[in-house]
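What follows is one structure encoded as structure tokens, with my remarks underneath.
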Amino acid sequence: MAERLVAPNYWNNLTAIFFGYEKCAPGYSFGPGSREYYLVHYILSGKGIYSRGNNTYKVNTGDLFIIRPDEETFYCADRQDPWEYAWLAFRIPDPPMFLDEPVIRQPPIGHIFTFIRDHFRDKSIDGKIYSLTYELLWILTQKESSRMPEDYALYAKTYFELSYARPITIQNIAVNLHIDRRYLTEVFRKTYGISPKAYLTNLRMEKAIHYMDTGHNITESARMAGFTDLSNFYKQYKDRYGSLPGVRLKKL
């Protein structure tokens, strides 16, 4: 049997909120106004303008414009060639850097919003909308230009938090990201102020303590937290707390 761990990414804890479609009348506009969530519009046909802050962008068929939470925006359909668009709204706790862009030009996501246009009145597609939102972020993530150092660091951090109980190496994560291990270590340290190895060790120690505090013995707690070498766990624990873990269990 072969098994491969699914690596986490930005869409962990993603929440789809709503979706929709409209063929706008000439000059139709919205705003100025703000939202409490991300709202992305894909232009299926036509054109218009999108304003965010002091900047205004011309948006054409095949473009995506992005409204960020709590940011005042304005958008308006062209009077001669008004746009037809579909949209997705979602919340994401650790947004990737590409969601800071006001407009993404010609991303290969038309099929997602065509589906929304064709099915937005269906009452049984909520699950499909979740999968489409995931797919949207996955496709946009593939753009090399969208990859920022903070994105790599967040990827590694999320991987650790969901997979600490499994064997993990920084090298394997770097390979998954197609970057050098030393570069990953550098950007992780710059982003979080600690090396990825130290972060993972701290996380595993916190988990081991949690397991001991909830009734598991030392061996079980260490292994459930991802420590494969029990003697190393004892050493790490003593270096941090000045005593062996058995002392903690006696006090509980």
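Chain labels A, B, ... are given in the sequence in which chains occur in the structure tokens; within each chain residues are numbered consecutively from 1, and ligands are likewise numbered from 1 in the order shown.
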Which residues in range 55-248 of chain A does DSSP call helix (DSSP H, G or I)? List them as JSON, numbers by chain.
{"A": [97, 98, 99, 100, 110, 111, 112, 113, 114, 115, 116, 117, 118, 119, 126, 127, 128, 129, 130, 131, 132, 133, 134, 135, 136, 137, 138, 139, 140, 141, 144, 145, 146, 149, 150, 151, 152, 153, 154, 155, 156, 157, 158, 159, 160, 161, 162, 163, 170, 171, 172, 173, 174, 175, 176, 177, 181, 182, 183, 184, 185, 186, 187, 188, 189, 190, 191, 192, 196, 197, 198, 199, 200, 201, 202, 203, 204, 205, 206, 207, 208, 209, 210, 211, 212, 213, 218, 219, 220, 221, 222, 223, 224, 230, 231, 232, 233, 234, 235, 236, 237, 238, 239, 240, 241, 245, 246, 247, 248]}
Taking 3 positions as the minimum chain separation for residues in the same chain, which residues sit within 6 Å of Leu44 in chain A when counting only C-alpha atoms? Answer as a count of residues only.
3
Taking 5 positions as the minimum chain separation for residues in the same chain, which residues sit within 12 Å of Arg182 in chain A when counting only C-alpha atoms? Answer as a short mmCIF file (atom, residue, chain, number, x, y, z; two decimals) with C-alpha atoms, in the first residue's frame.
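Produced file out_13.cif, reproduced below:
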```
data_model
loop_
_atom_site.label_atom_id
_atom_site.label_comp_id
_atom_site.auth_asym_id
_atom_site.auth_seq_id
_atom_site.Cartn_x
_atom_site.Cartn_y
_atom_site.Cartn_z
CA ILE A 170 12.07 20.22 6.41
CA GLN A 171 13.62 18.78 3.26
CA ILE A 173 8.34 20.16 2.77
CA ALA A 174 10.82 22.13 0.68
CA VAL A 175 10.60 19.50 -2.07
CA VAL A 187 11.88 32.65 5.22
CA PHE A 188 10.27 30.72 8.08
CA ARG A 189 12.67 32.27 10.59
CA SER A 195 13.51 28.07 12.81
CA PRO A 196 11.05 25.51 11.42
CA LYS A 197 12.81 22.72 13.33
#
```
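In this comparison, which uses only C-alpha atoms, the residue of A:Asn54, A:Thr141, A:Thr169, A:Thr133 approaching Pro96 in chain A most closely is A:Thr141.
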Residues near Lys207 in chain A, anyone? I mean within 9 Å using only C-alpha atoms, not counting same-chain ones fewer than 4 positions away, as an MDAnalysis selection string.
chainID A and resid 164 202:203 211:212 221:222 224:226
Please produce a file of those selected residues containing C-alpha atoms, as a compact mmCIF listing (two decimals), in the first residue's frame.
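Writing the result to again06.txt gives the following:
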```txt
# COMPACT_ATOMS: atom_id res chain seq x y z
CA TYR A 164 3.02 16.92 13.87
CA ASN A 202 7.97 23.30 20.50
CA LEU A 203 4.67 22.26 18.98
CA TYR A 211 -1.73 14.42 26.25
CA MET A 212 -0.11 13.83 29.64
CA SER A 221 2.02 11.14 25.01
CA ALA A 222 5.45 11.37 23.41
CA MET A 224 1.17 10.75 19.91
CA ALA A 225 2.98 14.08 19.73
CA GLY A 226 5.41 12.81 17.10
```
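CA of Asp63 in chain A sits 6.9 Å away from CA of Pro107 in chain A.
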Report as a ChimeraX atom specification: the residues of range 7-50 of chain A with a DSSP assignment of strand (DSSP E), based on the backbone of this structure.
/A:15-23,29-33,38-45,47-50
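Comparing the minimum interatomic distances between Phe18 in chain A and each of A:Phe233, A:Tyr192, A:Phe113, A:Trp87, counting only C-alpha atoms, we find that A:Trp87 sits nearest.
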Within 12 Å of Ile17 in chain A, counting only C-alpha atoms, which residues show up once you throw out same-chain ones fewer than 4 positions away? Write them as number ranges by chain, please.
A: 36-40, 87-92, 126-127, 129-130, 133
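Nearest-residue note for Asp78 in chain A: choosing from A:Leu14, A:Ile49, A:Ile179, A:Ile139, the minimum distance belongs to A:Ile49, counting only C-alpha atoms.
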Long-range neighbours of range 79-82 of chain A as a ChimeraX atom specification, 12 Å cut-off, only C-alpha atoms, 5 positions minimum in chain:
/A:22-29,43-49,59-61
As an exercise, work out the distance from CA of Glu72 in chain A to CA of Arg52 in chain A in Å and give it to one decimal place.
6.5 Å
